[in-house]
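Visitor: Got a structure for you, final_19.txt, holding compact mmCIF, C-alpha atoms.
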# COMPACT_ATOMS: atom_id res chain seq x y z
CA MET A 429 179.43 38.16 61.81
CA THR A 430 180.67 37.22 65.30
CA GLU A 431 178.92 35.54 68.22
CA ILE A 432 179.78 36.80 71.71
CA THR A 433 178.58 35.98 75.22
CA THR A 434 178.67 38.60 77.94
CA ASP A 435 177.12 39.54 81.25
CA ALA A 436 175.04 42.72 81.05
CA VAL A 437 172.75 45.03 82.98
CA VAL A 438 169.89 46.64 81.07
CA LEU A 439 170.05 50.41 81.54
CA ARG A 440 167.45 51.57 79.01
CA GLN A 441 164.87 50.07 76.70
CA THR A 442 163.00 51.61 73.78
CA ASP A 443 160.06 49.98 72.02
CA TYR A 444 160.64 49.42 68.32
CA LYS A 445 158.21 48.24 65.66
CA GLU A 446 155.43 45.95 66.90
CA SER A 447 157.28 43.61 69.23
CA ASP A 448 160.97 44.59 69.27
CA ARG A 449 163.07 46.66 71.63
CA ILE A 450 166.33 48.57 71.41
CA LEU A 451 168.34 47.95 74.58
CA THR A 452 171.15 49.98 76.11
CA VAL A 453 173.17 47.61 78.25
CA LEU A 454 176.29 47.90 80.38
CA THR A 455 178.82 45.07 80.09
CA PRO A 456 181.98 44.66 82.19
CA GLU A 457 184.46 44.16 79.32
CA ARG A 458 182.81 45.98 76.40
CA GLY A 459 181.25 48.96 78.14
CA ILE A 460 178.01 50.35 76.75
CA LEU A 461 176.35 48.38 73.95
CA THR A 462 173.20 49.08 71.94
CA VAL A 463 171.42 45.81 71.24
CA GLY A 464 168.49 45.02 68.99
CA ALA A 465 166.14 42.56 70.68
CA LYS A 466 163.64 41.11 68.22
CA GLY A 467 160.26 39.91 69.44
CA VAL A 468 160.94 40.41 73.17
CA ARG A 469 157.65 42.29 73.70
CA ASN A 470 155.80 39.19 72.56
CA ILE A 471 154.31 37.33 75.53
CA LYS A 472 155.71 34.05 74.14
CA SER A 473 159.28 35.34 73.88
CA LYS A 474 161.74 33.20 75.84
CA ASN A 475 164.01 36.24 76.28
CA SER A 476 161.54 38.83 77.57
CA ALA A 477 162.08 38.33 81.31
CA ALA A 478 165.86 38.52 80.98
CA VAL A 479 165.91 41.87 79.18
CA GLN A 480 163.59 43.91 81.39
CA LEU A 481 164.90 47.20 82.75
CA PHE A 482 167.62 46.69 85.42
CA SER A 483 167.90 42.95 84.71
CA TYR A 484 171.29 41.33 85.21
CA SER A 485 171.60 38.64 82.54
CA GLU A 486 173.95 36.64 80.39
CA LEU A 487 173.43 37.66 76.77
CA GLU A 488 174.38 35.78 73.64
CA LEU A 489 174.77 38.38 70.92
CA VAL A 490 175.45 38.37 67.22
CA GLN A 491 177.78 41.18 66.17
CA THR A 492 177.63 42.43 62.61
CA GLY A 493 180.03 45.30 62.17
CA SER A 494 179.16 47.74 64.94
CA ARG A 495 175.63 46.36 65.40
CA TYR A 496 174.55 43.84 68.05
CA THR A 497 171.50 41.61 67.90
CA LEU A 498 170.22 39.52 70.78
CA HIS A 499 170.17 35.76 70.22
CA THR A 500 169.37 34.43 73.70
CA ALA A 501 169.28 35.86 77.22
CA THR A 502 169.52 34.06 80.57
CA LEU A 503 168.36 35.95 83.66
CA LYS A 504 170.72 36.00 86.65
CA ASN A 505 168.92 38.56 88.82
CA GLY A 506 165.88 40.63 87.97
CA PHE A 507 166.08 42.82 91.12
CA PHE A 508 162.30 42.60 91.29
CA GLY A 509 162.21 44.02 94.82
CA LEU A 510 163.09 47.52 93.69
CA ARG A 511 159.98 47.61 91.49
CA SER A 512 157.67 47.43 94.50
CA ASP A 513 158.67 50.87 95.76
CA LEU A 514 158.43 53.95 93.54
CA ASN A 515 161.24 55.77 95.36
CA ARG A 516 163.62 52.84 94.93
CA TYR A 517 162.58 52.34 91.31
CA SER A 518 163.10 56.01 90.44
CA LEU A 519 166.50 56.03 92.16
CA ALA A 520 167.50 53.00 90.08
CA CYS A 521 166.40 54.88 86.93
CA TYR A 522 168.61 57.83 87.87
CA ALA A 523 171.56 55.54 88.66
CA ALA A 524 171.18 53.80 85.29
CA ASP A 525 171.08 57.16 83.49
CA ALA A 526 174.17 58.39 85.31
CA ALA A 527 176.07 55.18 84.56
CA ALA A 528 175.07 55.36 80.88
CA HIS A 529 176.38 58.93 80.72
CA PHE A 530 179.78 58.27 82.30
CA CYS A 531 180.55 54.85 80.82
CA THR A 532 182.16 54.43 77.42
CA GLU A 533 181.71 52.11 74.49
CA ALA A 534 184.28 49.35 73.95
CA GLY A 535 185.94 50.05 77.29
CA ASP A 536 186.60 48.17 80.52
CA GLU A 537 183.70 49.11 82.80
CA SER A 538 184.02 46.21 85.23
CA GLU A 539 184.19 48.48 88.31
CA THR A 540 181.12 50.47 87.29
CA PHE A 541 179.34 47.22 86.43
CA ARG A 542 179.94 45.84 89.93
CA LEU A 543 179.00 49.18 91.48
CA LEU A 544 175.65 49.20 89.71
CA LEU A 545 174.93 45.60 90.68
CA ASN A 546 175.69 46.37 94.32
CA LEU A 547 173.37 49.37 94.27
CA PHE A 548 170.53 47.47 92.61
CA TYR A 549 170.91 44.62 95.08
CA SER A 550 170.78 47.05 98.01
CA LEU A 551 167.71 48.76 96.58
CA ALA A 552 165.94 45.46 95.97
CA GLU A 553 166.95 43.37 98.96
CA SER A 554 168.29 45.55 101.78
CA LYS A 555 166.12 47.98 103.72
CA GLU A 556 168.66 48.83 106.42
CA LYS A 557 170.40 51.65 104.52
CA PRO A 558 168.39 54.85 103.93
CA LEU A 559 167.91 55.97 100.32
CA TRP A 560 169.85 59.20 100.84
CA GLN A 561 172.90 57.13 101.79
CA LEU A 562 172.57 54.78 98.81
CA LYS A 563 172.13 57.69 96.41
CA ALA A 564 174.99 59.86 97.68
CA ALA A 565 177.44 56.98 98.07
CA PHE A 566 176.65 55.78 94.55
CA GLU A 567 177.09 59.25 93.05
CA LEU A 568 180.47 59.80 94.67
CA LYS A 569 181.72 56.26 93.98
CA LEU A 570 180.61 56.45 90.34
CA CYS A 571 182.72 59.58 89.88
CA THR A 572 185.65 57.82 91.52
CA VAL A 573 185.57 54.59 89.50
CA CYS A 574 185.16 56.61 86.28
CA GLY A 575 188.45 58.40 86.91
CA PHE A 576 187.42 61.47 88.91
CA MET A 577 188.84 60.66 92.33
CA PRO A 578 188.35 63.78 94.50
CA GLU A 579 191.24 65.12 96.58
CA LEU A 580 190.05 64.86 100.18
CA GLY A 581 193.34 64.93 102.05
CA ALA A 582 195.03 68.12 100.86
CA CYS A 583 194.35 71.54 99.39
CA THR A 584 194.09 71.24 95.62
CA VAL A 585 195.44 74.78 95.17
CA CYS A 586 198.50 75.04 97.42
CA GLY A 587 199.05 71.36 98.25
CA LYS A 588 198.82 71.77 102.02
CA THR A 589 197.87 68.46 103.60
CA THR A 590 195.38 68.02 106.40
CA THR A 591 197.15 67.37 109.68
CA SER A 592 194.81 64.67 110.91
CA VAL A 593 192.01 62.42 109.78
CA GLY A 594 190.84 62.05 113.37
CA MET A 595 189.75 65.60 114.10
CA PRO A 596 189.02 68.84 112.21
CA ASP A 597 191.99 70.81 110.88
CA GLU A 598 191.76 74.52 111.68
CA ALA A 599 193.79 75.42 108.58
CA PHE A 600 190.96 74.01 106.44
CA LEU A 601 187.98 75.38 108.33
CA THR A 602 186.03 78.33 106.99
CA GLY A 603 183.75 78.97 109.91
CA LYS A 604 183.04 75.43 111.08
CA LYS A 605 183.15 73.80 107.65
CA TYR A 606 185.68 72.48 105.17
CA ARG A 607 185.25 73.73 101.60
CA PHE A 608 185.24 71.45 98.54
CA SER A 609 185.90 73.11 95.19
CA LEU A 610 183.94 71.56 92.34
CA LEU A 611 186.21 73.31 89.88
CA GLU A 612 189.36 71.90 91.47
CA SER A 613 187.82 68.50 92.37
CA GLY A 614 188.98 68.68 95.95
CA LEU A 615 189.44 70.52 99.20
CA VAL A 616 190.68 74.09 99.44
CA CYS A 617 192.27 75.32 102.64
CA LYS A 618 191.09 78.45 104.47
CA ASP A 619 193.64 80.71 102.78
CA CYS A 620 192.97 79.40 99.28
CA TYR A 621 189.20 79.51 99.75
CA ALA A 622 189.44 83.22 100.55
CA ALA A 623 191.33 83.77 97.29
CA SER A 624 189.29 81.34 95.20
CA ARG A 625 186.84 83.97 94.02
CA THR A 626 189.58 85.42 91.80
CA PHE A 627 190.45 82.15 90.03
CA PRO A 628 189.82 82.54 86.29
CA LEU A 629 187.25 80.45 84.47
CA ALA A 630 187.05 79.93 80.72
CA VAL A 631 186.45 83.67 80.32
CA PRO A 632 189.49 85.64 81.58
CA GLY A 633 188.69 87.80 84.57
CA MET A 634 185.41 86.06 85.40
CA PRO A 635 185.42 85.09 89.11
CA ILE A 636 184.22 81.74 90.38
CA PRO A 637 180.68 82.03 91.74
CA LYS A 638 180.47 81.32 95.45
CA ASP A 639 178.53 78.10 94.88
CA TYR A 640 181.44 76.50 92.99
CA THR A 641 182.52 75.35 96.45
CA ARG A 642 180.44 73.18 98.74
CA PRO A 643 180.59 73.21 102.56
CA LEU A 644 181.55 69.97 104.28
CA SER A 645 181.27 69.15 107.95
CA PHE A 646 184.03 66.95 109.36
CA ALA A 647 181.59 64.03 109.63
CA ALA A 648 180.58 64.44 105.98
CA LEU A 649 184.23 64.68 104.91
CA THR A 650 185.01 61.47 106.82
CA ALA A 651 182.16 59.68 105.02
CA ALA A 652 183.30 61.01 101.64
CA ARG A 653 186.85 59.82 102.30
CA TYR A 654 185.57 56.34 103.11
CA VAL A 655 183.43 56.09 99.96
CA ALA A 656 186.22 57.34 97.71
CA ILE A 657 188.73 54.66 98.78
CA ALA A 658 186.47 51.77 99.79
CA PRO A 659 186.24 48.69 97.55
CA VAL A 660 183.10 48.61 95.43
CA SER A 661 181.79 45.68 97.47
CA ARG A 662 181.67 47.87 100.60
CA PHE A 663 181.04 51.37 99.30
CA ILE A 664 177.91 51.84 101.43
CA SER A 665 179.33 50.27 104.61
CA PHE A 666 179.69 53.45 106.64
CA ARG A 667 177.67 55.26 109.28
CA LEU A 668 176.61 58.87 109.11
CA ALA A 669 173.83 60.32 111.23
CA GLU A 670 170.94 61.63 109.16
CA GLU A 671 171.20 65.06 110.78
CA GLN A 672 174.81 65.24 109.51
CA ALA A 673 174.03 63.91 106.03
CA SER A 674 173.04 67.09 104.18
CA ASP A 675 176.61 68.19 103.37
CA PHE A 676 177.58 64.70 102.19
CA CYS A 677 174.50 64.41 99.95
CA ASP A 678 174.96 67.93 98.60
CA LEU A 679 178.61 67.26 97.72
CA ALA A 680 177.97 63.92 96.01
CA GLU A 681 175.09 65.18 93.86
CA ASN A 682 176.73 68.46 92.88
CA TYR A 683 180.07 66.82 92.11
CA LEU A 684 178.43 64.31 89.77
CA LEU A 685 176.30 66.97 88.02
CA PHE A 686 179.29 69.30 87.67
CA LEU A 687 181.36 66.55 86.03
CA ALA A 688 178.45 65.43 83.85
CA GLU A 689 177.84 69.03 82.69
CA ARG A 690 174.13 68.26 82.49
CA GLY A 691 171.08 67.46 84.57
CA PHE A 692 169.01 64.28 84.59
CA ASP A 693 165.23 64.17 84.27
CA THR A 694 165.25 60.96 86.32
CA LEU A 695 166.93 62.84 89.16
CA LYS A 696 164.31 65.60 89.01
CA TYR A 697 161.57 62.97 89.17
CA TYR A 698 163.22 61.16 92.12
CA LYS A 699 163.50 64.41 94.05
CA SER A 700 159.87 65.30 93.32
CA LEU A 701 158.56 62.20 95.12
Can the structure in the file be given as structure tokens, please?

Guide:
Amino acid sequence: MTEITTDAVVLRQTDYKESDRILTVLTPERGILTVGAKGVRNIKSKNSAAVQLFSYSELELVQTGSRYTLHTATLKNGFFGLRSDLNRYSLACYAADAAAHFCTEAGDESETFRLLLNLFYSLAESKEKPLWQLKAAFELKLCTVCGFMPELGACTVCGKTTTSVGMPDEAFLTGKKYRFSLLESGLVCKDCYAASRTFPLAVPGMPIPKDYTRPLSFAALTAARYVAIAPVSRFISFRLAEEQASDFCDLAENYLLFLAERGFDTLKYYKSL
């Protein structure tokens, strides 16, 4: 039996027995942990406020083998502001689900931990950034910090680099758009996009469907480049006009779902609002 103290964000909670909960939490040094929290549904519990969904708290845990049991919890930030708006709350639920899917157990998840805290703070306290920007920037940055940095400066097939980051590159334009290959995790130039339909998938001879690539305007590509390389503390500090946002949002969501190889019910609910 070992006692440990760690910061944590509560990603999921499941009621258990009469007054207990099973918590899924994200910690910076130990990754995803499943924690038994006895009696926290009791109104007299001193730990209940610190283990609500999305709470950022310091947890004192007792580890017995691979099992963790909550001893005490001290709330650092409850992000209560995001609970007053259903759209913000549902986006936080989706973000928590996505983080739980991509993060590992017993691994260093300090970057993802900070990313999630920054998102929750923005959802709870800052109204200046639109939700589409918070969602798309989080999706793309989550992929990046989890090891799936997209190639946004060169063709992932032939290696041709873009000639400029200040203006569109004709060698990469199909019509008026760049093309991002989900399968290749990066840009494809005009020549390679034309040939991409013949790339083999898992089944020999099966062509890539057309929607394995996503169109990107130059403005959307510029925003994606910023998010990919920006520090976590500033991942949403960019400007993109709402009328130019559709390509950026489409890329971020589809890239995350493609890598996850699954959908999320929380995402479906958020989009239904």

Visitor: Provide the CA of Met595 (chain A) to CA of Ala582 (chain A) distance in Å, to one decimal place.

Guide: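 Pair CA of Met595 (chain A) / CA of Ala582 (chain A) returns 14.5 Å.
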
Visitor: Name the residues in contact with region 599-615 of chain A at a cut-off of 8 Å, using all atoms listed in the file, excluding same-chain residues fewer than 2 positions from it; report them as a ChimeraX atom specification.

Guide: /A:576-585,590,596-597,617-619,621,640-646,649,679,682-683,686

Visitor: Tell me, in Å to one decimal, how far CA of Ala648 (chain A) is from CA of Leu668 (chain A).

Guide: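 That distance, rounded to one decimal, is 7.5 Å.
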
Visitor: With distances taken over all atoms listed in the file, which residue among A:Asp435, A:Asp443, A:Glu486, A:Glu553 lies nearest Phe541 (chain A)?

Guide: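 When distances to Phe541 (chain A) are compared using all atoms listed in the file, the smallest one comes from A:Asp435.
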
Visitor: May I have the residues within 12 Å of Ser665 (chain A) as a list in words, using all atoms listed in the file and disregarding those fewer than 4 positions away in the same chain?

Guide: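 Here the answer would be Asn546, Leu547, Ser550, Glu556, Lys557, Pro558, Gln561, Leu562, Ala565, Phe566, Ala651, Ala652, Tyr654, Val655, Ile657, Ala658, Pro659, Val660 and Ser661 of chain A.
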
Visitor: The selected residues should be written to file as a compact mmCIF listing (two decimals), in the frame of the given file (atoms: C-alpha atoms).

Guide:
# COMPACT_ATOMS: atom_id res chain seq x y z
CA ASN A 546 175.69 46.37 94.32
CA LEU A 547 173.37 49.37 94.27
CA SER A 550 170.78 47.05 98.01
CA GLU A 556 168.66 48.83 106.42
CA LYS A 557 170.40 51.65 104.52
CA PRO A 558 168.39 54.85 103.93
CA GLN A 561 172.90 57.13 101.79
CA LEU A 562 172.57 54.78 98.81
CA ALA A 565 177.44 56.98 98.07
CA PHE A 566 176.65 55.78 94.55
CA ALA A 651 182.16 59.68 105.02
CA ALA A 652 183.30 61.01 101.64
CA TYR A 654 185.57 56.34 103.11
CA VAL A 655 183.43 56.09 99.96
CA ILE A 657 188.73 54.66 98.78
CA ALA A 658 186.47 51.77 99.79
CA PRO A 659 186.24 48.69 97.55
CA VAL A 660 183.10 48.61 95.43
CA SER A 661 181.79 45.68 97.47

Visitor: Would you please work out which residue, of A:Leu687, A:Cys620, A:Leu481, A:Cys574, is nearest to Gly587 (chain A) when using only C-alpha atoms?

Guide: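 The shortest atom-to-atom distance to Gly587 (chain A) comes from A:Cys620.
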